[in-house]
2 protein chains.
Amino acid sequence: VSVTAPRGFLAAGVACGIKASGTPDLALVVVGERSGSGGARATPAPAAAVFTTNKAAAAPVQVSRRHLATSAGRAGAVVLSSGNANAATGAQGLAVAERMCELVAVSVEGLSPEQVLVCSTGLIGIPLPLAPLEAGIPAVARALGEGPEAGEAAARAILTTDTRTKQACVERPSFTVGAMAKGAAMLAPNLATMLAVVTTDAAGSPAELAEALSSAVADSFNSLTVDGCCSTNDTVVLLSSGAAGPVGRSELAAAVGEVCADLAAQMAADAEGATRVARVTVEGAASTEEARRAARRVAESQLVQCSLHGGDPYWGRVVSELGSAGVAFELDRVRVLYGGVVVCDGGVAVSLDPAAAARLEAHMSGPRVELVAHLGLGEGRASVLTTDLGPGYIAENMRTS
Amino acid sequence: VSVTAPRGFLAAGVACGIKASGTPDLALVVVGERSGSGGARATPAPAAAVFTTNKAAAAPVQVSRRHLATSAGRAGAVVLSSGNANAATGAQGLAVAERMCELVAVSVEGLSPEQVLVCSTGLIGIPLPLAPLEAGIPAVARALGEGPEAGEAAARAILTTDTRTKQACVERPSFTVGAMAKGAAMLAPNLATMLAVVTTDAAGSPAELAEALSSAVADSFNSLTVDGCCSTNDTVVLLSSGAAGPVGRSELAAAVGEVCADLAAQMAADAEGATRVARVTVEGAASTEEARRAARRVAESQLVQCSLHGGDPYWGRVVSELGSAGVAFELDRVRVLYGGVVVCDGGVAVSLDPAAAARLEAHMSGPRVELVAHLGLGEGRASVLTTDLGPGYIAENMRTS
């Protein structure tokens, strides 16, 4: 159920020594097959990617962008390292990212360095040493394999503070989409790196793949991270082997959207230190754009997140965030619901009967909170996933060493 | 050293029963003097105020705005209650806020209700009961007095989760400015109510007072709260008795600016659960506006705040926030300093000698962190105060009851 689920993909994950812990930290995904000699042969094919919009984009992001442009949207492999983001590492960092692609090109047949994409995730501002990669990349190339175990090994090797692998797969009668991702830390506001590799055996042009990926990202990862992807390293790659032949554009987009949504939900559930996931939905906004902005404002609020941690349906903070979200807002039209229980109507508190109060309490103490704010102004509607803010998040993030 | 420091002001604070704890929760500041009968007589005079821009503005904000407009910028008293924000309380909340002003007008001579301003702070969405105020406002009016003790009593009665009163005073040869404030919770992002009453014996027109107050607020409270004042109840009032006669505009503005900056620093130091205050300064930005936006982005970052809690000079998160702040940014021009120690130069890590490393560690473990990011692009410069994010903040905010 991962990047190796579609036909025409190989994957592997190994420990090469970037992480001091000795856990897996290097993954490789190849469009291609095992070659007779025991190695692997890549077949570069159309690909697409979405990168962070952060102006401090890490070296691997810069290199991958350039490679995708140089190759006119074709790629045969993605190499991913974890434990060090290779961000804010200057010219030396760029050289390391380029060298990673060269090492893949010499370790796998049929590839030029420009047909290799590269991703890294981990701490920012620390030079990424080349030595582990010089030995590690040939090793991970030798380990390339098919099937679920190979996909699982790759998915494991990209994790940082994640507590479990994130993999997804959608099977259609005529084609398959598989995917793996890493991403943790508080989701909104978010600076944790989000990496995802999506694979499919459906054939499509680079433009068709880009279109499918961009709509999938908007509805999934961008609805849980704020301001698009704002970490230095965020990257989502879509590779296609074409083994299943061409499929309908909308069919492909829908399947890619499904795996991305599945990964996004897994990322939310595994957010650093989170004990609770909340879906914040704003309805009745003046426009979809305003609904999205308002939902993000609420989802980003440290105070709302603290209330979620305490299981406290404190809707006052919700209306206060809505009132300062820069969207059309009239307090006396606002209705707020937690788990379907109306706690605020017409902008004022609702008295709950004992049955409703019990339903509310049960909902708030559960692992998943549904928070809906209806603005009563229009048809705009959007949802954003977020998590609670508890001591676990702080413990995870207060020291890097 | 408070609202009663300038000539021509009375103040008082009492417990009227809004707070279940029985601690003081009702304050009154009057422009005027004790009258012969043992009561107080107000002398309405020019006043100015800055209110929240939140569209969910609380009832007292709406009423105070209206009163100041109706009275053409003249006021004789401010009544302030704590423990309940009277926000998201509908028509009933507006009636309570209006009634509070009427009660002041009948309890103090020389006032019409429109010459009374009203502020409340506390929980949102809970009806503010009138009964404690019906008895409490006449009582606080009877308690009105001059001198530091009266000012202290008023300053104490407006606190919520604050751990200490915030008072300030600037004495000039020809006039005096005094002030009290309440404000706590994490400062950026902030939804905690910020209330301040500034008093002066300098005479000035409503327009002159408004000008002085607005520049003072921009340089003080708005540099620690984000998005201007965004809580439902934020209010800063400037009252003038005129007892010291007219003074130069810029002289008055400077003195009001000083007391506001003093209060802002006290609020930062007393932020909920904070163990450390940080001043984030962005220099070398393309413009002052971009410097301010970038500094706020860094100051608001939960991850930066977590690092501050851990005393970790993790500048990688700083450049990542700067890169996504929507300002002109070139990573290879960036320099980051903590406590004057350069940790990042030209966008990459700086190796520290043992002496510098020791200075850095000492600075990071202290109560006040100076974080400077130089963008190397222009002359824009701005500072924002923020605090660390630790378990204390969460403990304070996870449950309202």
# chains A, B, ... in the order shown; residues from 1 in each chain; ligands from 1
>>> closest_atom_pairs(of="chain A", to="chain B", cutoff="7 Å", atoms="only C-alpha atoms", output="tab-separated table")
residue	atom	partner	partner_atom	distance
A:Asn54	CA	B:Ser324	CA	4.7
A:Lys55	CA	B:Gly323	CA	4.3
A:Ala56	CA	B:Gly323	CA	4.7
A:Ala88	CA	B:Val348	CA	5.2
A:Thr89	CA	B:Val348	CA	5.1
A:Gly90	CA	B:Val348	CA	5.9
A:Ile124	CA	B:Gly316	CA	4.8
A:Gly125	CA	B:Gly316	CA	5.4
A:Ile126	CA	B:Ala349	CA	6.7
A:Cys230	CA	B:Ser324	CA	6.0
A:Ser231	CA	B:Ser320	CA	6.4
A:Thr232	CA	B:Ser320	CA	5.9
A:Leu303	CA	B:Asn397	CA	6.6
A:Cys306	CA	B:Met398	CA	4.6
A:Ser307	CA	B:Met398	CA	4.5
A:His309	CA	B:Met398	CA	6.0
A:Gly310	CA	B:Met398	CA	4.4
A:Asp312	CA	B:Arg399	CA	5.8
A:Gly316	CA	B:Ile124	CA	4.8
A:Val319	CA	B:Ala56	CA	6.7
A:Ser320	CA	B:Thr232	CA	5.9
A:Gly323	CA	B:Lys55	CA	4.3
A:Ser324	CA	B:Asn54	CA	4.7
A:Phe329	CA	B:Lys55	CA	6.6
A:Leu331	CA	B:Ala56	CA	5.7
A:Asp332	CA	B:Gly90	CA	7.0
A:Gly347	CA	B:Ala88	CA	5.5
A:Val348	CA	B:Thr89	CA	5.1
A:Ala349	CA	B:Gly125	CA	5.8
A:Gly390	CA	B:Ile394	CA	6.4
A:Pro391	CA	B:Pro391	CA	5.4
A:Ile394	CA	B:Cys306	CA	5.9
A:Asn397	CA	B:Cys306	CA	5.8
A:Met398	CA	B:Gly310	CA	4.4
A:Arg399	CA	B:Gly310	CA	5.4
>>> calpha_fit_and_write(fixed="chain B", moving="chain A", output="CSV table (one decimal) with C-alpha atoms, in the first residue's frame")
chain,number,residue,atom,x,y,z
A,1,VAL,CA,2.6,56.2,40.3
A,2,SER,CA,-0.7,55.5,38.6
A,3,VAL,CA,-3.9,57.1,37.2
A,4,THR,CA,-4.1,59.3,40.3
A,5,ALA,CA,-0.6,60.8,39.8
A,6,PRO,CA,-1.7,63.7,37.7
A,7,ARG,CA,-3.8,66.4,39.4
A,8,GLY,CA,-7.6,66.2,39.0
A,9,PHE,CA,-8.2,62.5,39.1
A,10,LEU,CA,-9.9,60.2,41.6
A,11,ALA,CA,-9.9,56.4,41.5
A,12,ALA,CA,-11.1,53.3,43.4
A,13,GLY,CA,-11.4,49.6,43.1
A,14,VAL,CA,-13.7,47.2,45.0
A,15,ALA,CA,-14.9,43.6,44.9
A,16,CYS,CA,-18.5,43.6,43.7
A,17,GLY,CA,-19.0,39.9,43.2
A,18,ILE,CA,-18.5,39.3,39.5
A,19,LYS,CA,-15.5,37.1,40.3
A,20,ALA,CA,-16.4,34.0,42.2
A,21,SER,CA,-13.1,34.3,44.0
A,22,GLY,CA,-14.2,37.5,45.8
A,23,THR,CA,-11.2,39.4,44.6
A,24,PRO,CA,-11.5,43.0,43.4
A,25,ASP,CA,-13.4,43.2,40.1
A,26,LEU,CA,-14.7,46.8,39.7
A,27,ALA,CA,-12.7,49.9,39.1
A,28,LEU,CA,-13.6,53.5,38.6
A,29,VAL,CA,-11.5,56.5,37.4
A,30,VAL,CA,-13.0,59.9,37.5
A,31,VAL,CA,-11.8,63.3,36.2
A,32,GLY,CA,-12.8,65.5,39.1
A,33,GLU,CA,-12.6,65.9,42.8
A,34,ARG,CA,-14.2,65.0,46.1
A,35,SER,CA,-17.4,67.0,46.7
A,36,GLY,CA,-18.4,68.5,50.0
A,37,SER,CA,-21.0,65.9,50.7
A,38,GLY,CA,-18.4,63.0,50.8
A,39,GLY,CA,-19.2,62.0,47.3
A,40,ALA,CA,-17.3,62.9,44.1
A,41,ARG,CA,-17.9,65.6,41.4
A,42,ALA,CA,-16.7,64.9,37.9
A,43,THR,CA,-15.6,67.6,35.4
A,44,PRO,CA,-15.9,66.1,31.9
A,45,ALA,CA,-13.0,67.0,29.8
A,46,PRO,CA,-11.4,66.1,26.5
A,47,ALA,CA,-10.7,62.4,26.1
A,48,ALA,CA,-9.5,59.9,23.4
A,49,ALA,CA,-9.6,56.2,23.0
A,50,VAL,CA,-8.3,53.4,20.8
A,51,PHE,CA,-10.5,50.3,20.5
A,52,THR,CA,-10.0,46.8,19.2
A,53,THR,CA,-10.6,46.3,15.4
A,54,ASN,CA,-12.2,43.0,16.1
A,55,LYS,CA,-15.6,42.7,14.4
A,56,ALA,CA,-16.8,40.7,17.4
A,57,ALA,CA,-16.2,43.8,19.5
A,58,ALA,CA,-17.7,43.4,23.0
A,59,ALA,CA,-20.7,45.4,24.3
A,60,PRO,CA,-18.6,47.8,26.4
A,61,VAL,CA,-16.5,48.6,23.4
A,62,GLN,CA,-19.6,49.4,21.3
A,63,VAL,CA,-21.0,51.5,24.1
A,64,SER,CA,-17.8,53.4,24.7
A,65,ARG,CA,-17.3,54.2,21.0
A,66,ARG,CA,-20.9,55.5,20.9
A,67,HIS,CA,-20.5,57.6,24.0
A,68,LEU,CA,-17.2,59.2,22.8
A,69,ALA,CA,-18.9,60.1,19.5
A,70,THR,CA,-22.0,61.4,21.2
A,71,SER,CA,-20.0,63.5,23.6
A,72,ALA,CA,-17.8,64.9,20.9
A,73,GLY,CA,-14.7,63.4,22.6
A,74,ARG,CA,-15.4,64.4,26.2
A,75,ALA,CA,-15.5,62.1,29.2
A,76,GLY,CA,-15.6,62.4,32.9
A,77,ALA,CA,-15.2,58.7,34.0
A,78,VAL,CA,-14.2,55.2,33.0
A,79,VAL,CA,-15.8,52.2,34.7
A,80,LEU,CA,-14.0,48.9,34.4
A,81,SER,CA,-15.1,45.4,35.4
A,82,SER,CA,-13.1,42.2,35.4
A,83,GLY,CA,-14.0,38.5,35.4
A,84,ASN,CA,-16.5,38.6,32.5
A,85,ALA,CA,-15.8,40.3,29.1
A,86,ASN,CA,-19.5,41.0,28.4
A,87,ALA,CA,-18.6,39.9,24.8
A,88,ALA,CA,-20.8,37.8,22.5
A,89,THR,CA,-23.7,38.6,24.9
A,90,GLY,CA,-26.1,40.2,22.4
A,91,ALA,CA,-28.6,42.9,23.1
A,92,GLN,CA,-28.7,42.0,26.8
A,93,GLY,CA,-25.0,42.7,27.0
A,94,LEU,CA,-25.4,46.1,25.4
A,95,ALA,CA,-28.1,46.9,27.9
A,96,VAL,CA,-25.8,45.9,30.8
A,97,ALA,CA,-22.9,48.1,29.5
A,98,GLU,CA,-25.2,51.1,29.1
A,99,ARG,CA,-26.6,50.5,32.6
A,100,MET,CA,-23.1,50.5,34.0
A,101,CYS,CA,-22.6,54.0,32.6
A,102,GLU,CA,-26.0,55.2,34.0
A,103,LEU,CA,-25.1,53.8,37.4
A,104,VAL,CA,-21.8,55.9,37.3
A,105,ALA,CA,-23.7,59.0,36.2
A,106,VAL,CA,-26.1,58.7,39.2
A,107,SER,CA,-23.4,57.9,41.6
A,108,VAL,CA,-21.0,60.7,40.7
A,109,GLU,CA,-22.1,64.3,40.4
A,110,GLY,CA,-21.7,66.3,37.2
A,111,LEU,CA,-21.9,63.4,34.7
A,112,SER,CA,-24.3,62.3,32.0
A,113,PRO,CA,-24.2,58.6,30.9
A,114,GLU,CA,-22.6,59.6,27.6
A,115,GLN,CA,-19.7,61.1,29.4
A,116,VAL,CA,-18.9,57.7,30.9
A,117,LEU,CA,-16.7,55.1,29.1
A,118,VAL,CA,-16.9,51.4,30.0
A,119,CYS,CA,-14.5,48.5,29.8
A,120,SER,CA,-14.8,44.8,30.7
A,121,THR,CA,-12.4,41.9,30.6
A,122,GLY,CA,-12.7,38.2,31.3
A,123,LEU,CA,-14.5,35.3,29.7
A,124,ILE,CA,-16.3,35.7,26.4
A,125,GLY,CA,-19.9,34.5,25.8
A,126,ILE,CA,-21.2,34.5,29.3
A,127,PRO,CA,-24.0,37.0,30.3
A,128,LEU,CA,-22.6,39.7,32.7
A,129,PRO,CA,-25.1,39.8,35.6
A,130,LEU,CA,-26.3,43.2,36.5
A,131,ALA,CA,-27.0,42.6,40.2
A,132,PRO,CA,-23.4,42.9,41.5
A,133,LEU,CA,-23.0,46.1,39.5
A,134,GLU,CA,-26.2,47.7,40.8
A,135,ALA,CA,-24.7,47.6,44.3
A,136,GLY,CA,-21.1,47.7,43.2
A,137,ILE,CA,-21.0,50.9,41.2
A,138,PRO,CA,-22.4,53.1,43.9
A,139,ALA,CA,-20.0,51.5,46.3
A,140,VAL,CA,-16.9,52.1,44.1
A,141,ALA,CA,-18.1,55.7,43.6
A,142,ARG,CA,-18.2,56.2,47.4
A,143,ALA,CA,-14.7,54.7,47.7
A,144,LEU,CA,-13.2,57.2,45.2
A,145,GLY,CA,-10.0,58.8,46.5
A,146,GLU,CA,-6.8,60.6,45.5
A,147,GLY,CA,-3.2,59.4,45.8
A,148,PRO,CA,-1.3,56.2,45.2
A,149,GLU,CA,-3.5,53.9,47.2
A,150,ALA,CA,-6.6,54.8,45.3
A,151,GLY,CA,-4.7,54.3,42.0
A,152,GLU,CA,-3.3,51.0,43.2
A,153,ALA,CA,-6.8,49.8,44.2
A,154,ALA,CA,-8.2,50.6,40.7
A,155,ALA,CA,-5.2,48.9,39.1
A,156,ARG,CA,-5.8,45.8,41.2
A,157,ALA,CA,-9.5,45.6,40.3
A,158,ILE,CA,-8.9,45.2,36.6
A,159,LEU,CA,-6.6,42.2,36.7
A,160,THR,CA,-7.7,38.8,35.4
A,161,THR,CA,-4.9,36.2,35.0
A,162,ASP,CA,-2.3,38.9,35.6
A,163,THR,CA,0.0,38.2,38.5
A,164,ARG,CA,0.6,41.8,39.4
A,165,THR,CA,-0.7,45.3,38.8
A,166,LYS,CA,0.7,47.4,35.9
A,167,GLN,CA,1.1,51.1,36.7
A,168,ALA,CA,3.3,53.8,35.2
A,169,CYS,CA,3.9,57.5,35.6
A,170,VAL,CA,5.9,60.1,33.9
A,171,GLU,CA,6.5,63.5,35.6
A,172,ARG,CA,7.5,66.5,33.5
A,173,PRO,CA,8.2,69.9,35.1
A,174,SER,CA,4.8,71.3,33.9
A,175,PHE,CA,2.6,68.2,33.7
A,176,THR,CA,2.2,64.5,34.7
A,177,VAL,CA,1.0,61.4,32.9
A,178,GLY,CA,-0.2,58.4,34.8
A,179,ALA,CA,-1.5,55.0,33.7
A,180,MET,CA,-2.7,51.6,34.7
A,181,ALA,CA,-3.2,48.5,32.5
A,182,LYS,CA,-4.1,44.9,32.5
A,183,GLY,CA,-3.1,42.3,30.0
A,184,ALA,CA,-1.7,38.9,30.0
A,185,ALA,CA,-1.8,35.7,28.0
A,186,MET,CA,0.7,35.0,25.3
A,187,LEU,CA,1.4,38.3,23.6
A,188,ALA,CA,1.9,37.2,20.1
A,189,PRO,CA,-0.4,35.9,18.8
A,190,ASN,CA,-2.7,37.5,21.3
A,191,LEU,CA,-6.3,37.4,22.1
A,192,ALA,CA,-6.0,38.4,25.7
A,193,THR,CA,-7.8,41.6,26.5
A,194,MET,CA,-5.6,44.6,26.9
A,195,LEU,CA,-7.1,47.4,28.9
A,196,ALA,CA,-5.3,50.7,29.8
A,197,VAL,CA,-6.4,54.0,31.2
A,198,VAL,CA,-4.0,56.8,30.8
A,199,THR,CA,-4.5,60.1,32.7
A,200,THR,CA,-2.9,63.5,32.4
A,201,ASP,CA,-3.3,66.9,33.8
A,202,ALA,CA,-2.1,68.4,30.6
A,203,ALA,CA,-4.9,70.2,28.7
A,204,GLY,CA,-5.5,69.3,25.0
A,205,SER,CA,-8.3,69.1,22.5
A,206,PRO,CA,-9.9,65.7,21.8
A,207,ALA,CA,-8.0,65.7,18.5
A,208,GLU,CA,-4.6,66.5,20.2
A,209,LEU,CA,-5.2,63.7,22.7
A,210,ALA,CA,-6.2,61.3,20.0
A,211,GLU,CA,-3.1,62.0,18.1
A,212,ALA,CA,-0.9,61.5,21.1
A,213,LEU,CA,-2.6,58.3,22.0
A,214,SER,CA,-2.6,56.8,18.6
A,215,SER,CA,1.2,57.3,18.1
A,216,ALA,CA,1.8,56.0,21.6
A,217,VAL,CA,-0.2,52.8,21.0
A,218,ALA,CA,1.5,52.1,17.7
A,219,ASP,CA,4.9,52.1,19.3
A,220,SER,CA,4.0,50.2,22.5
A,221,PHE,CA,0.9,47.9,22.7
A,222,ASN,CA,0.7,47.3,19.0
A,223,SER,CA,4.3,46.2,19.0
A,224,LEU,CA,3.5,43.5,21.4
A,225,THR,CA,0.1,42.5,20.3
A,226,VAL,CA,-0.3,41.3,16.8
A,227,ASP,CA,-2.7,42.7,14.2
A,228,GLY,CA,-3.3,45.8,16.2
A,229,CYS,CA,-5.5,45.0,19.1
A,230,CYS,CA,-7.4,41.9,18.1
A,231,SER,CA,-9.2,40.8,21.3
A,232,THR,CA,-12.9,41.5,21.6
A,233,ASN,CA,-12.4,44.0,24.4
A,234,ASP,CA,-9.1,45.8,23.9
A,235,THR,CA,-9.4,49.4,24.9
A,236,VAL,CA,-6.9,52.2,25.7
A,237,VAL,CA,-8.4,55.4,27.1
A,238,LEU,CA,-6.7,58.7,27.6
A,239,LEU,CA,-8.4,61.2,30.0
A,240,SER,CA,-7.2,64.7,30.6
A,241,SER,CA,-8.1,66.9,33.5
A,242,GLY,CA,-6.5,70.0,32.1
A,243,ALA,CA,-5.4,71.0,35.6
A,244,ALA,CA,-1.8,71.7,34.4
A,245,GLY,CA,-2.9,73.8,31.4
A,246,PRO,CA,-1.9,73.3,27.8
A,247,VAL,CA,1.5,71.8,26.9
A,248,GLY,CA,3.3,71.2,23.6
A,249,ARG,CA,1.7,68.5,21.4
A,250,SER,CA,5.0,66.6,20.9
A,251,GLU,CA,5.8,66.9,24.6
A,252,LEU,CA,2.5,65.3,25.5
A,253,ALA,CA,2.8,62.6,22.8
A,254,ALA,CA,6.3,61.8,24.1
A,255,ALA,CA,5.1,61.4,27.7
A,256,VAL,CA,2.1,59.3,26.8
A,257,GLY,CA,4.4,57.2,24.6
A,258,GLU,CA,6.7,56.7,27.6
A,259,VAL,CA,4.0,55.4,30.0
A,260,CYS,CA,2.5,53.2,27.3
A,261,ALA,CA,5.9,51.6,26.6
A,262,ASP,CA,6.4,51.1,30.3
A,263,LEU,CA,3.1,49.3,30.6
A,264,ALA,CA,3.8,47.2,27.5
A,265,ALA,CA,7.0,46.0,29.0
A,266,GLN,CA,5.2,45.2,32.2
A,267,MET,CA,2.6,43.2,30.3
A,268,ALA,CA,5.2,41.2,28.4
A,269,ALA,CA,7.0,40.4,31.6
A,270,ASP,CA,3.8,39.2,33.2
A,271,ALA,CA,2.5,37.2,30.2
A,272,GLU,CA,0.6,34.0,31.1
A,273,GLY,CA,3.0,31.2,31.8
A,274,ALA,CA,5.9,33.0,30.3
A,275,THR,CA,9.4,32.4,31.7
A,276,ARG,CA,11.2,34.6,29.2
A,277,VAL,CA,10.6,37.8,27.2
A,278,ALA,CA,12.2,38.2,23.8
A,279,ARG,CA,12.6,41.3,21.7
A,280,VAL,CA,12.6,40.4,18.1
A,281,THR,CA,14.2,43.1,15.9
A,282,VAL,CA,14.4,43.0,12.2
A,283,GLU,CA,16.8,45.3,10.6
A,284,GLY,CA,17.9,45.9,7.0
A,285,ALA,CA,14.4,45.2,5.6
A,286,ALA,CA,13.2,46.8,2.4
A,287,SER,CA,10.9,49.1,4.5
A,288,THR,CA,9.8,49.8,8.0
A,289,GLU,CA,6.5,48.1,7.2
A,290,GLU,CA,8.3,44.9,5.9
A,291,ALA,CA,10.5,45.0,9.0
A,292,ARG,CA,7.4,45.1,11.2
A,293,ARG,CA,5.7,42.3,9.3
A,294,ALA,CA,8.8,40.1,9.4
A,295,ALA,CA,9.4,40.7,13.1
A,296,ARG,CA,5.8,39.8,13.9
A,297,ARG,CA,6.0,36.7,11.9
A,298,VAL,CA,9.1,35.5,13.9
A,299,ALA,CA,7.6,36.7,17.2
A,300,GLU,CA,4.3,34.9,16.5
A,301,SER,CA,5.9,31.6,15.6
A,302,GLN,CA,5.0,28.8,18.0
A,303,LEU,CA,8.2,27.0,17.0
A,304,VAL,CA,10.4,30.1,17.7
A,305,GLN,CA,8.6,30.5,21.0
A,306,CYS,CA,9.2,26.9,21.9
A,307,SER,CA,12.9,27.3,21.2
A,308,LEU,CA,12.9,30.4,23.4
A,309,HIS,CA,11.3,28.3,26.2
A,310,GLY,CA,14.1,25.8,25.8
A,311,GLY,CA,16.8,28.5,25.6
A,312,ASP,CA,17.8,27.1,22.2
A,313,PRO,CA,19.3,29.6,19.7
A,314,TYR,CA,17.8,27.7,16.8
A,315,TRP,CA,18.1,30.4,14.1
A,316,GLY,CA,17.0,27.9,11.4
A,317,ARG,CA,13.4,28.5,12.5
A,318,VAL,CA,13.9,32.2,12.4
A,319,VAL,CA,15.1,32.2,8.8
A,320,SER,CA,12.4,29.9,7.8
A,321,GLU,CA,9.8,32.3,9.2
A,322,LEU,CA,11.5,35.3,7.6
A,323,GLY,CA,11.4,33.4,4.3
A,324,SER,CA,7.7,33.0,4.5
A,325,ALA,CA,6.8,36.4,5.9
A,326,GLY,CA,5.9,37.8,2.6
A,327,VAL,CA,8.7,40.4,2.6
A,328,ALA,CA,11.8,40.9,0.4
A,329,PHE,CA,14.3,38.3,1.5
A,330,GLU,CA,17.5,36.8,0.2
A,331,LEU,CA,18.8,34.1,2.4
A,332,ASP,CA,22.5,34.7,1.6
A,333,ARG,CA,22.3,38.2,2.9
A,334,VAL,CA,20.8,37.3,6.3
A,335,ARG,CA,22.6,37.7,9.6
A,336,VAL,CA,21.0,36.5,12.9
A,337,LEU,CA,22.2,37.4,16.4
A,338,TYR,CA,21.1,36.3,19.8
A,339,GLY,CA,22.3,38.7,22.6
A,340,GLY,CA,24.8,40.2,20.1
A,341,VAL,CA,26.4,36.8,19.2
A,342,VAL,CA,26.3,36.2,15.5
A,343,VAL,CA,25.0,32.7,14.9
A,344,CYS,CA,24.1,32.9,11.2
A,345,ASP,CA,25.9,35.1,8.6
A,346,GLY,CA,25.4,35.1,4.9
A,347,GLY,CA,22.5,32.7,5.5
A,348,VAL,CA,24.7,29.9,6.9
A,349,ALA,CA,25.8,28.8,10.4
A,350,VAL,CA,28.7,30.6,12.1
A,351,SER,CA,31.2,28.5,14.1
A,352,LEU,CA,31.4,29.9,17.5
A,353,ASP,CA,34.6,30.0,19.5
A,354,PRO,CA,34.3,28.8,23.1
A,355,ALA,CA,34.0,32.4,24.5
A,356,ALA,CA,31.2,33.3,22.1
A,357,ALA,CA,29.4,30.0,22.7
A,358,ALA,CA,29.5,30.6,26.5
A,359,ARG,CA,28.2,34.2,26.0
A,360,LEU,CA,25.4,32.8,23.8
A,361,GLU,CA,24.4,30.1,26.3
A,362,ALA,CA,24.4,32.6,29.2
A,363,HIS,CA,22.2,34.9,27.2
A,364,MET,CA,19.7,32.2,26.2
A,365,SER,CA,19.3,31.0,29.7
A,366,GLY,CA,18.5,34.5,31.0
A,367,PRO,CA,15.1,36.1,31.4
A,368,ARG,CA,15.4,38.4,28.4
A,369,VAL,CA,16.4,37.4,24.9
A,370,GLU,CA,17.5,39.9,22.3
A,371,LEU,CA,17.0,38.4,18.8
A,372,VAL,CA,18.1,40.4,15.9
A,373,ALA,CA,17.7,39.4,12.2
A,374,HIS,CA,19.5,41.6,9.7
A,375,LEU,CA,18.1,41.2,6.1
A,376,GLY,CA,20.8,43.2,4.4
A,377,LEU,CA,18.4,44.8,1.9
A,378,GLY,CA,17.5,48.2,3.1
A,379,GLU,CA,16.9,50.6,6.0
A,380,GLY,CA,13.7,49.1,7.4
A,381,ARG,CA,13.8,48.4,11.2
A,382,ALA,CA,11.2,47.3,13.7
A,383,SER,CA,11.0,45.5,17.0
A,384,VAL,CA,8.3,43.3,18.5
A,385,LEU,CA,8.1,41.9,22.0
A,386,THR,CA,7.1,38.3,22.6
A,387,THR,CA,7.5,35.6,25.1
A,388,ASP,CA,8.4,31.9,25.2
A,389,LEU,CA,5.8,29.2,24.9
A,390,GLY,CA,5.9,26.8,27.8
A,391,PRO,CA,3.7,24.4,29.7
A,392,GLY,CA,2.6,27.2,32.0
A,393,TYR,CA,0.8,28.9,29.1
A,394,ILE,CA,-1.1,25.7,28.3
A,395,ALA,CA,-2.0,25.1,31.9
A,396,GLU,CA,-3.4,28.6,32.1
A,397,ASN,CA,-5.4,28.3,28.9
A,398,MET,CA,-6.6,24.8,28.5
A,399,ARG,CA,-9.7,25.2,30.6
A,400,THR,CA,-11.9,28.1,31.4
A,401,SER,CA,-13.5,26.4,34.3
>>> select_by_dssp(residues="stretch 45-260 of chain A", states="strand (DSSP E)", output="number ranges by chain")
A: 45-51, 74-75, 77-84, 116-123, 166-171, 176-182, 195-203, 235-246
>>> select_by_dssp(residues="stretch 180-320 of chain B", states="helix (DSSP H, G or I)", output="PyMOL selection string")
chain B and resi 206-219+221-223+249-269+288-300+302-310+315-320
